[in-house]
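What follows is a single structure, written as structure tokens, with notes after it.
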Amino acid sequence: MRATYEALIANPAKVEAILLAGAQKARKLSQPFMAQLRQSVGLRALSGVADAKAKKADKTALPSFKQYREADGKFYVKLVDAAGKLLLQSSGFDSPKDAGQLVKALMTSNTALDGLQRASDAPAQSIVDALEALRAAA
């Protein structure tokens, strides 16, 4: 045993090769099991986290419609740009269905812009660009 020990100590490259071969053999056995285990408990690969963050960043970079109800009981729609700056504001609707139909109409054509209040500091072109970006993403 002492002779084997001294031979291994004298040749550290051989020890490293033995360890690497053992690690490779262990990975062949453990990786399929670990993948199945991760799937079973709902864990995903860490590389997917960066992809999810990138998709979320892309998604938040779009303008959006906000529908809400005010204290007066009416339903309103506003269009905000990617930074959250107000571009358009609707008048009040009696039902949320009517507000939703306005959003649907704006997603299909610019003719629905009539009757909407443009924010005082929002250029008309930025509104058109925001609507086009939303249509392209849909």
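Naming works like this for the structure tokens: A, B, ... for the chains as they're shown, residue 1 at the start of each chain, ligands 1 onward in shown order.
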Original post:
Could you pull the residues within 8 Å of range 123-130 of chain A, counting only C-alpha atoms, minus those fewer than 3 positions along the same chain, as a list of chain:residue names?
Top reply: A:Leu62, A:Pro63, A:Asp81, A:Leu87, A:Leu88, A:Asn110, A:Arg118, A:Ala133, A:Leu134
**OP:** Determine which residues of chain A DSSP labels as helix (DSSP H, G or I) from the backbone of this structure, then write them out as a PyMOL selection string.
**Re:** chain A and resi 2-10+12-41+47-60+96-108+110-113+124-137
Original post:
Restricting the calculation to only C-alpha atoms, which member of A:Phe65, A:Lys14, A:Gln117, A:Phe75 is positioned closest to Val103 in chain A?
Top reply: A:Phe65
**OP:** Just the strand (DSSP E) stuff from chain A, please, per backbone DSSP, written as a ChimeraX atom specification.
**Re:** /A:64-69,75-80,86-89,117-118
**OP:** Quick one: everything within 8 Å of Gln67 in chain A, counting only C-alpha atoms, minus sequence neighbours fewer than 2 positions away in the same chain. Send it as a ChimeraX atom specification.
**Re:** /A:65,69,75-78,99-100
